[in-house]
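Listing of coords.cif, mmCIF, C-alpha atoms and all ligand atoms
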```
data_coords
loop_
_atom_site.label_atom_id
_atom_site.label_comp_id
_atom_site.auth_asym_id
_atom_site.auth_seq_id
_atom_site.Cartn_x
_atom_site.Cartn_y
_atom_site.Cartn_z
CA MET A 1149 0.00 0.00 0.00
CA ILE A 1150 1.05 3.63 -0.44
CA ASN A 1151 1.29 5.53 2.84
CA GLN A 1152 1.29 9.35 2.90
CA VAL A 1153 3.77 10.90 5.32
CA TYR A 1154 3.48 14.63 6.10
CA ARG A 1155 7.03 15.85 6.60
CA LEU A 1156 8.48 19.13 7.74
CA VAL A 1157 11.08 20.04 5.09
CA SER A 1158 12.11 23.47 6.38
CA PRO A 1159 10.76 25.86 9.03
CA ARG A 1160 6.97 26.24 8.63
CA GLN A 1161 6.92 24.13 5.45
CA PHE A 1162 5.37 20.66 5.15
CA GLU A 1163 5.39 18.32 2.14
CA ILE A 1164 3.74 14.97 1.44
CA THR A 1165 6.01 11.97 0.86
CA TYR A 1166 4.60 8.73 -0.55
CA LYS A 1167 6.02 5.53 0.98
CA ASP A 1168 5.34 2.04 -0.30
CA ARG A 1169 4.64 -0.26 2.69
CA SER A 1170 3.90 -3.98 2.67
CA LEU A 1171 1.13 -5.37 4.85
CA GLN A 1172 2.90 -8.76 4.86
CA SER A 1173 5.20 -7.82 7.73
CA ASP A 1174 5.51 -7.93 11.52
CA TYR A 1175 4.00 -4.48 11.87
CA VAL A 1176 0.59 -3.62 13.26
CA VAL A 1177 -0.98 -0.76 11.31
CA VAL A 1178 -2.50 2.12 13.31
CA ARG A 1179 -4.58 5.00 12.00
CA PRO A 1180 -3.76 8.09 14.14
CA THR A 1181 -6.90 9.78 15.53
CA TYR A 1182 -5.83 12.45 18.06
CA LEU A 1183 -2.37 14.03 18.23
CA SER A 1184 -0.83 16.76 20.34
CA ILE A 1185 1.96 19.27 19.78
CA CYS A 1186 5.04 19.14 22.05
CA ALA A 1187 7.46 22.02 22.70
CA ALA A 1188 10.08 19.89 20.89
CA ASP A 1189 7.92 19.86 17.71
CA GLN A 1190 7.58 23.63 17.90
CA ARG A 1191 11.37 24.02 18.02
CA TYR A 1192 11.56 22.17 14.67
CA TYR A 1193 8.51 23.92 13.18
CA THR A 1194 9.86 27.39 13.96
CA GLY A 1195 13.49 26.47 13.25
CA THR A 1196 14.66 27.41 16.74
CA ARG A 1197 16.15 23.92 17.22
CA GLY A 1198 19.42 25.21 15.73
CA LYS A 1199 20.84 25.02 12.21
CA GLU A 1200 22.91 21.89 12.71
CA ALA A 1201 20.10 19.79 14.20
CA MET A 1202 17.64 21.05 11.57
CA ALA A 1203 20.01 20.04 8.77
CA LYS A 1204 20.63 16.63 10.35
CA LYS A 1205 17.05 15.71 11.24
CA LEU A 1206 14.84 17.18 8.49
CA PRO A 1207 12.89 16.20 6.48
CA MET A 1208 10.77 14.30 9.01
CA ALA A 1209 7.17 13.92 10.12
CA LEU A 1210 6.57 15.76 13.40
CA ILE A 1211 4.56 14.72 16.50
CA HIS A 1212 5.38 12.09 19.09
CA GLU A 1213 2.25 12.45 21.24
CA GLY A 1214 -0.78 10.59 19.93
CA ILE A 1215 -3.38 7.88 19.99
CA GLY A 1216 -4.99 5.88 17.21
CA LYS A 1217 -6.99 2.83 16.23
CA ILE A 1218 -5.70 -0.47 14.94
CA VAL A 1219 -6.69 -0.98 11.32
CA TYR A 1220 -4.67 -4.12 10.52
CA ASP A 1221 -2.93 -6.77 12.57
CA PRO A 1222 -1.29 -9.50 10.47
CA LEU A 1223 -1.55 -11.92 13.44
CA ASN A 1224 -5.18 -11.06 14.22
CA GLU A 1225 -4.32 -10.63 17.89
CA PHE A 1226 -5.98 -7.20 18.04
CA LYS A 1227 -9.41 -6.40 16.69
CA THR A 1228 -9.80 -3.67 14.07
CA GLY A 1229 -10.80 -0.46 15.86
CA THR A 1230 -8.92 -1.21 19.11
CA PRO A 1231 -7.85 2.16 20.60
CA VAL A 1232 -4.14 2.43 21.38
CA VAL A 1233 -1.57 4.94 22.57
CA MET A 1234 1.56 4.94 20.41
CA VAL A 1235 5.05 4.74 21.98
CA PRO A 1236 7.45 7.07 20.14
CA ASN A 1237 10.69 5.56 21.43
CA THR A 1238 11.94 2.68 19.27
CA PRO A 1239 14.79 0.66 20.77
CA VAL A 1240 16.95 -1.54 18.57
CA GLU A 1241 18.78 -3.37 21.38
CA ASP A 1242 18.18 -4.58 24.94
CA ASP A 1243 20.22 -3.64 27.99
CA ASP A 1244 19.97 -5.07 31.50
CA VAL A 1245 20.88 -1.75 33.15
CA ILE A 1246 20.09 1.13 30.81
CA ALA A 1247 16.43 1.92 30.13
CA GLU A 1248 15.25 1.88 26.49
CA ASN A 1249 14.88 5.68 26.35
CA TYR A 1250 18.52 6.26 27.37
CA LEU A 1251 20.12 3.84 24.91
CA ARG A 1252 22.01 5.99 22.40
CA SER A 1253 20.98 3.56 19.63
CA SER A 1254 17.22 4.07 20.20
CA LYS A 1255 15.25 5.98 17.60
CA PHE A 1256 12.78 8.60 18.75
CA ARG A 1257 9.92 9.71 16.53
CA SER A 1258 9.90 13.37 15.50
CA SER A 1259 13.52 13.69 16.53
CA GLY A 1260 15.33 12.46 13.42
CA TYR A 1261 12.73 9.75 12.61
CA ASP A 1262 9.24 10.13 11.22
CA GLY A 1263 6.64 10.99 13.84
CA PHE A 1264 2.90 10.33 13.83
CA MET A 1265 1.85 12.79 11.08
CA GLN A 1266 1.16 10.00 8.62
CA ASP A 1267 -1.97 8.36 7.18
CA TYR A 1268 -0.94 5.12 8.90
CA VAL A 1269 1.76 4.35 11.45
CA PHE A 1270 3.45 0.95 11.23
CA LEU A 1271 4.31 -0.21 14.74
CA LYS A 1272 6.07 -3.23 16.20
CA ARG A 1273 3.77 -5.15 18.57
CA ASP A 1274 5.43 -3.68 21.70
CA ARG A 1275 5.22 -0.05 20.49
CA PHE A 1276 1.60 0.57 21.52
CA VAL A 1277 -0.53 0.01 24.60
CA THR A 1278 -4.26 -0.63 24.34
CA LEU A 1279 -6.64 1.91 25.88
CA PRO A 1280 -10.06 1.61 27.47
CA GLU A 1281 -12.79 2.68 25.01
CA ASP A 1282 -14.10 5.39 27.35
CA LEU A 1283 -10.85 7.27 28.09
CA ASP A 1284 -11.11 10.97 27.12
CA PRO A 1285 -9.40 11.15 23.68
CA HIS A 1286 -8.44 14.83 24.05
CA VAL A 1287 -6.50 14.05 27.22
CA SER A 1288 -5.16 10.73 25.87
CA ALA A 1289 -3.77 12.64 22.87
CA PHE A 1290 -1.00 14.01 25.13
CA MET A 1291 -0.53 10.85 27.18
CA GLU A 1292 3.12 10.72 26.12
CA LEU A 1293 3.72 13.93 28.09
CA ILE A 1294 2.08 12.31 31.12
CA THR A 1295 4.47 9.35 30.77
CA ILE A 1296 7.37 11.84 30.95
CA ALA A 1297 6.30 12.92 34.45
CA MET A 1298 5.57 9.30 35.44
CA HIS A 1299 9.00 8.21 34.28
CA CYS A 1300 10.64 11.10 36.12
CA LEU A 1301 8.86 10.07 39.32
CA VAL A 1302 10.03 6.46 38.97
CA ARG A 1303 13.61 7.70 38.70
CA PHE A 1304 13.12 10.06 41.62
CA GLU A 1305 11.79 7.25 43.83
CA ALA A 1306 14.75 5.04 42.99
CA LYS A 1307 17.34 7.70 43.77
CA ALA A 1308 16.06 10.19 46.37
CA HIS A 1309 16.30 9.97 50.16
CA VAL A 1310 13.12 9.08 52.02
CA ARG A 1311 12.20 12.43 53.60
CA ARG A 1312 9.44 13.58 51.30
CA SER A 1313 7.37 15.95 53.39
CA ASN A 1314 7.31 18.63 50.71
CA PHE A 1315 8.01 19.03 47.00
CA GLY A 1316 8.64 22.08 44.81
CA VAL A 1317 7.79 22.06 41.11
CA TRP A 1318 9.23 24.85 38.95
CA GLY A 1319 7.36 25.66 35.71
CA ASP A 1320 3.72 26.78 35.51
CA GLY A 1321 3.08 25.15 32.12
CA ASN A 1322 1.94 21.74 30.86
CA LEU A 1323 4.67 19.56 32.33
CA GLY A 1324 4.67 21.44 35.64
CA TYR A 1325 0.90 20.92 35.90
CA ILE A 1326 1.11 17.18 35.18
CA THR A 1327 4.08 16.67 37.53
CA SER A 1328 2.43 18.53 40.44
CA LEU A 1329 -0.79 16.59 39.90
CA ILE A 1330 0.95 13.21 39.93
CA LEU A 1331 2.96 14.20 43.03
CA LYS A 1332 -0.21 15.23 44.86
CA LYS A 1333 -1.94 11.95 43.92
CA ARG A 1334 1.07 9.85 44.91
CA TYR A 1335 1.90 11.74 48.12
CA PRO A 1336 -1.41 13.14 49.41
CA GLU A 1337 0.10 13.81 52.85
CA SER A 1338 3.05 15.79 51.46
CA LYS A 1339 2.97 19.49 50.63
CA VAL A 1340 3.21 20.18 46.87
CA MET A 1341 4.28 23.70 45.92
CA ILE A 1342 4.25 25.18 42.42
CA PHE A 1343 6.63 27.98 41.39
CA GLY A 1344 5.84 29.95 38.26
CA LYS A 1345 6.05 33.24 36.40
CA ASN A 1346 2.41 33.87 35.60
CA GLN A 1347 -0.41 34.41 38.10
CA TYR A 1348 -3.10 33.47 35.52
CA LYS A 1349 -1.37 30.12 34.93
CA LEU A 1350 -0.81 29.46 38.64
CA GLU A 1351 -4.57 29.85 39.16
CA HIS A 1352 -5.13 26.62 37.23
CA PHE A 1353 -3.16 24.67 39.88
CA SER A 1354 -6.15 24.41 42.23
CA PHE A 1355 -5.01 21.06 43.70
CA VAL A 1356 -1.58 22.18 45.05
CA ASP A 1357 -0.94 23.22 48.64
CA GLU A 1358 0.89 26.44 47.78
CA ALA A 1359 1.57 28.46 44.62
CA TYR A 1360 4.33 31.07 44.37
CA GLN A 1361 5.39 33.59 41.79
CA ILE A 1362 9.15 33.18 41.49
CA ASP A 1363 9.87 36.76 42.61
CA GLN A 1364 7.73 36.41 45.74
CA ILE A 1365 9.09 33.32 47.47
CA PRO A 1366 9.47 33.65 51.27
CA GLU A 1367 13.16 33.72 52.17
CA ASP A 1368 12.93 31.02 54.84
CA LEU A 1369 11.12 28.49 52.65
CA GLN A 1370 12.91 25.14 52.30
CA ILE A 1371 12.02 22.16 50.17
CA ASP A 1372 12.98 18.49 50.40
CA HIS A 1373 12.99 17.72 46.66
CA ALA A 1374 12.44 19.73 43.48
CA PHE A 1375 11.28 19.11 39.91
CA GLU A 1376 12.23 21.47 37.08
CA ALA A 1377 9.76 21.68 34.15
CA VAL A 1378 10.78 25.01 32.63
CA GLY A 1379 13.28 24.49 29.81
CA SER A 1380 15.21 26.93 27.57
CA LYS A 1381 17.06 29.85 29.15
CA GLY A 1382 14.43 30.05 31.92
CA SER A 1383 15.69 26.77 33.34
CA GLN A 1384 19.00 28.44 34.30
CA TYR A 1385 17.17 30.85 36.61
CA ALA A 1386 14.88 28.07 37.86
CA ILE A 1387 17.67 25.61 38.67
CA ASN A 1388 19.72 28.22 40.52
CA GLN A 1389 16.66 29.26 42.50
CA ILE A 1390 15.97 25.61 43.34
CA ILE A 1391 19.56 25.20 44.57
CA ASP A 1392 19.00 28.17 46.93
CA TYR A 1393 15.73 26.84 48.41
CA LEU A 1394 16.63 23.13 48.56
CA HIS A 1395 17.45 21.37 51.85
CA PRO A 1396 20.90 19.71 51.93
CA GLU A 1397 20.97 16.26 50.28
CA GLY A 1398 17.76 16.93 48.36
CA THR A 1399 17.28 16.00 44.72
CA ILE A 1400 16.57 18.13 41.65
CA SER A 1401 14.82 16.23 38.85
CA LEU A 1402 15.49 18.01 35.56
CA MET A 1403 13.01 17.70 32.69
CA GLY A 1404 13.17 21.04 30.83
CA VAL A 1405 15.10 20.98 27.55
CA SER A 1406 17.59 23.79 26.87
CA GLU A 1407 18.90 24.39 23.38
CA TYR A 1408 22.16 25.83 24.67
CA PRO A 1409 24.27 24.90 27.71
CA ILE A 1410 23.23 26.86 30.79
CA GLU A 1411 25.22 28.04 33.82
CA ILE A 1412 24.39 26.52 37.19
CA ASN A 1413 25.79 27.06 40.67
CA THR A 1414 27.87 23.88 41.03
CA ARG A 1415 29.60 25.20 44.20
CA MET A 1416 26.29 25.05 46.11
CA ILE A 1417 25.38 21.69 44.55
CA LEU A 1418 28.60 20.39 46.12
CA GLU A 1419 28.20 22.19 49.44
CA LYS A 1420 24.63 20.96 49.89
CA GLY A 1421 25.33 17.45 48.57
CA ILE A 1422 22.51 17.82 46.04
CA THR A 1423 21.68 14.98 43.64
CA VAL A 1424 20.70 16.12 40.14
CA ILE A 1425 18.62 13.57 38.22
CA GLY A 1426 18.25 14.03 34.47
CA SER A 1427 15.10 12.59 32.96
CA SER A 1428 14.29 12.37 29.28
CA ARG A 1429 11.56 10.69 27.26
CA SER A 1430 9.93 7.42 28.35
CA GLY A 1431 9.53 3.77 27.45
CA ARG A 1432 6.80 1.16 27.13
CA ALA A 1433 6.69 0.44 30.88
CA ASP A 1434 5.91 4.13 31.55
CA PHE A 1435 3.01 3.99 29.08
CA GLU A 1436 1.65 0.86 30.77
CA ASN A 1437 1.92 2.49 34.22
CA THR A 1438 0.28 5.68 32.96
CA VAL A 1439 -2.67 3.88 31.36
CA GLU A 1440 -3.22 1.90 34.61
CA PHE A 1441 -2.96 5.11 36.68
CA MET A 1442 -5.51 6.85 34.45
CA LYS A 1443 -7.88 3.88 34.67
CA GLU A 1444 -7.63 3.80 38.47
CA HIS A 1445 -7.97 7.56 38.98
CA PRO A 1446 -10.75 9.08 36.84
CA GLU A 1447 -10.44 12.34 38.81
CA PHE A 1448 -6.80 12.56 37.64
CA VAL A 1449 -8.02 12.44 34.02
CA GLU A 1450 -10.64 15.07 34.84
CA TYR A 1451 -7.98 17.44 36.22
CA LEU A 1452 -5.92 16.87 33.07
CA GLY A 1453 -8.90 18.07 31.06
CA THR A 1454 -7.91 21.56 32.24
CA LEU A 1455 -4.86 21.24 29.97
CA VAL A 1456 -6.88 20.69 26.78
CA GLY A 1457 -6.40 23.99 24.97
CA GLU A 1458 -6.98 24.50 21.24
CA VAL A 1459 -8.63 21.56 19.45
CA GLN A 1460 -7.87 21.72 15.72
CA VAL A 1461 -9.36 19.49 13.04
CA VAL A 1462 -6.71 18.74 10.41
CA ARG A 1463 -7.80 17.76 6.90
CA THR A 1464 -5.15 19.51 4.77
CA ILE A 1465 -1.51 20.61 4.91
CA GLN A 1466 -2.75 24.18 5.47
CA ASP A 1467 -4.63 22.89 8.55
CA ILE A 1468 -1.34 21.48 9.90
CA ASN A 1469 0.28 24.91 9.59
CA ASP A 1470 -2.76 26.52 11.21
CA ALA A 1471 -2.57 24.11 14.17
CA PHE A 1472 1.11 24.92 14.78
CA GLU A 1473 0.53 28.67 14.39
CA LYS A 1474 -2.44 28.64 16.78
CA ASP A 1475 -0.39 26.63 19.28
CA LEU A 1476 2.28 29.35 19.21
CA THR A 1477 -0.22 32.00 20.21
CA SER A 1478 -2.04 29.90 22.79
CA SER A 1479 -1.41 31.09 26.35
CA TRP A 1480 -2.39 27.93 28.23
CA GLY A 1481 -2.56 24.18 27.67
CA LYS A 1482 -1.95 21.64 24.97
CA THR A 1483 -3.02 21.91 21.34
CA VAL A 1484 -4.89 18.76 20.33
CA ILE A 1485 -5.23 17.77 16.67
CA GLU A 1486 -8.14 15.70 15.38
CA TRP A 1487 -6.30 13.87 12.60
CA LYS A 1488 -8.74 13.63 9.70
CA ILE A 1489 -6.37 14.09 6.77
N1 LIG B 1 12.44 15.65 29.54
C1 LIG B 1 11.55 15.31 28.63
O1 LIG B 1 11.46 14.17 28.16
C2 LIG B 1 10.58 16.33 28.16
C3 LIG B 1 10.86 17.64 28.31
N2 LIG B 1 9.99 18.59 27.88
C4 LIG B 1 10.42 19.96 28.06
O2 LIG B 1 9.86 20.47 29.26
C5 LIG B 1 9.81 21.90 29.15
C6 LIG B 1 8.42 22.37 29.56
O3 LIG B 1 7.46 21.92 28.62
P1 LIG B 1 5.96 22.47 28.69
O4 LIG B 1 5.47 22.39 30.09
O5 LIG B 1 5.18 21.84 27.61
O6 LIG B 1 6.21 24.01 28.33
P2 LIG B 1 5.46 25.31 28.87
O7 LIG B 1 5.94 26.44 28.06
O8 LIG B 1 4.00 25.00 28.92
O9 LIG B 1 5.98 25.44 30.39
C7 LIG B 1 7.08 26.12 30.84
C8 LIG B 1 6.58 27.14 31.87
O10 LIG B 1 7.62 27.58 32.70
C9 LIG B 1 7.44 28.97 32.91
N3 LIG B 1 8.70 29.55 33.39
C10 LIG B 1 9.62 30.27 32.70
N4 LIG B 1 10.67 30.59 33.49
C11 LIG B 1 10.39 30.08 34.71
C12 LIG B 1 11.07 30.07 35.95
N5 LIG B 1 12.25 30.65 36.08
N6 LIG B 1 10.50 29.46 37.00
C13 LIG B 1 9.30 28.86 36.89
N7 LIG B 1 8.59 28.82 35.74
C14 LIG B 1 9.13 29.42 34.66
C15 LIG B 1 6.96 29.47 31.57
O11 LIG B 1 6.39 30.75 31.67
P3 LIG B 1 6.45 31.74 30.36
O12 LIG B 1 5.72 31.00 29.26
O13 LIG B 1 5.77 32.96 30.83
O14 LIG B 1 7.92 31.90 30.05
C16 LIG B 1 5.96 28.38 31.22
O15 LIG B 1 4.70 28.64 31.79
C17 LIG B 1 10.20 22.23 27.72
O16 LIG B 1 11.56 22.56 27.69
C18 LIG B 1 9.97 20.91 26.99
O17 LIG B 1 10.75 20.81 25.82
C19 LIG B 1 8.78 18.29 27.33
C20 LIG B 1 8.45 16.98 27.14
C21 LIG B 1 9.34 15.90 27.49
O1 LIG B 2 9.73 16.09 24.04
C1 LIG B 2 10.46 15.18 24.32
C2 LIG B 2 9.95 13.87 24.71
O2 LIG B 2 8.57 13.93 24.82
C3 LIG B 2 11.92 15.40 24.30
O3 LIG B 2 12.17 16.60 24.92
C4 LIG B 2 12.32 15.47 22.89
O4 LIG B 2 12.27 14.18 22.38
C5 LIG B 2 13.70 16.07 22.73
O5 LIG B 2 14.05 15.81 21.43
P1 LIG B 2 14.89 16.78 20.53
O6 LIG B 2 16.30 16.45 20.87
O7 LIG B 2 14.55 16.39 19.15
O8 LIG B 2 14.52 18.19 20.87
ZN ZN B 3 7.66 15.72 23.83
#
```

Step by step, read the file and then write its structure as structure tokens.
Amino acid sequence: MINQVYRLVSPRQFEITYKDRSLQSDYVVVRPTYLSICAADQRYYTGTRGKEAMAKKLPMALIHEGIGKIVYDPLNEFKTGTPVVMVPNTPVEDDDVIAENYLRSSKFRSSGYDGFMQDYVFLKRDRFVTLPEDLDPHVSAFMELITIAMHCLVRFEAKAHVRRSNFGVWGDGNLGYITSLILKKRYPESKVMIFGKNQYKLEHFSFVDEAYQIDQIPEDLQIDHAFEAVGSKGSQYAINQIIDYLHPEGTISLMGVSEYPIEINTRMILEKGITVIGSSRSGRADFENTVEFMKEHPEFVEYLGTLVGEVQVVRTIQDINDAFEKDLTSSWGKTVIEWKI
């Protein structure tokens, strides 16, 4: 069959590529239904990812957050129409110690490999997780971003000391919201504090114990462990502020992506014995955990509904551009795409 792949060829410019794919293979064929735009996709769309990376990774189909429905399974294990969430990381080797998303050989969709903007996505049997029929599709569209926070928490729990009476989350955007929400669900007795730049965004965080604008933090405040969900140049300011407010021997879990190296106060990291935990992307196990968590906690899914921002129906290439442009001007939440092309 001929599959149409919608690739970014240069900033703000998409083109259709036609790829011949055989159905006589090991792949399960999924028709994407709902997608969502990540900050990483926007860096490619706008060209802010940097000249070298753009030259190396384009042309490619964007989007690594999305759900779909199975349209063909050569082994007939899954019924046509089964809803699934797609796993963008694609490992090519196993390792007993290093997780699939940290193996340098793994391929990640929409970062050098074609993402989900295709008529059909051909997936190995372990690269999707089935979903309950009644899970909100607008929230499920950005489930990959939820797995990022889940994965970060798994790493935190494996590495941090056991005093967890309060947590600080820096970043009043999508990832900060999801991370604070998961922390509050997981540690209902602990104090969860959000630190952000925008009062109107902080007002969405109704479930946290305390919300602070970053220029109005009480001087004597101290936190056991911190999570950074800011990214870009802002993460430099956030990380250094975290270092100032963190108790000795606390952890800082870093999730924000910076295009350029940033300066951080290593002297105080040493003096306070701080552990910095880097966390990037996620693997199949994180998707399984996230789906289970969402099934068990319907109120968690309801809170995540607050993050559904623009919902754009995409039928043409022009609609793809419109969705990315609208996302750039949106002041809160995730842009969800109804993929009808
Ligand atoms: N590690 C991983 O695997 C993943 C990382 N990411 C990265 O996480 C980062 C956040 O993504 P996302 O939540 O979608 O982006 P958002 O833009 O929604 O969130 C970032 C928020 O941080 C705010 N902010 C800026 N400076 C500070 C500061 N000093 N202290 C506290 N808050 C601040 C921003 O405010 P304002 O807009 O006013 O500047 C914004 O509201 C990005 O870098 C993204 O690429 C995303 C997915 C996966
Ligand atoms: O968003 C992400 C995962 O959900 C990662 O931040 C993204 O994959 C980083 O990739 P790139 O190096 O292409 O910016
Ligand atoms: Zn992402």

Could I get the residues of range 1351-1402 of chain A with an atom no further than 9 Å from an atom of range 1417-1422 of chain A, each paired with its nearest atom pair and that distance in Å to one decimal, using all atoms listed in the file, sorted by chain and residue number, as CSV?
```
residue,atom,partner,partner_atom,distance
A:Ile1391,CA,A:Ile1417,CA,6.8
A:Leu1394,CA,A:Ile1422,CA,8.3
A:His1395,CA,A:Lys1420,CA,7.5
A:Pro1396,CA,A:Lys1420,CA,4.4
A:Glu1397,CA,A:Ile1422,CA,4.8
A:Gly1398,CA,A:Ile1422,CA,5.4
A:Thr1399,CA,A:Ile1422,CA,5.7
A:Ile1400,CA,A:Ile1422,CA,7.4
```

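CA of Val1157 in chain A to CA of Glu1200 in chain A spans 14.2 Å [interatomic distance, one decimal].
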
Notebook entry, point to check: Which residues, written as a PyMOL selection string, have at least one atom at most 12 Å from Met1265 in chain A, with all atoms listed in the file counted and residues fewer than 3 positions away on the same chain left out?
Noted result: chain A and resi 1151-1156+1162-1165+1178-1185+1189+1208-1216+1257-1258+1261-1262+1268-1270+1462-1465+1468+1485-1489

Check: Within 8 Å of ligand LIG 1 (chain B), counting only C-alpha atoms and all ligand atoms: which residues, as a PyMOL selection string?
Finding: chain A and resi 1186-1188+1293+1296+1318-1325+1343-1346+1349+1361-1362+1376-1387+1389+1402-1406+1426-1430+1479-1482

Step by step, gather every atom of ligand LIG 2 (chain B) that the file lists, find the box along x, y and z that holds them, add 8 Å on each side, and finally give centre and edge lengths in Å to one decimal, as lines of an AutoDock Vina configuration file.
```
center_x = 12.4
center_y = 16.0
center_z = 22.0
size_x = 23.7
size_y = 20.3
size_z = 21.8
```
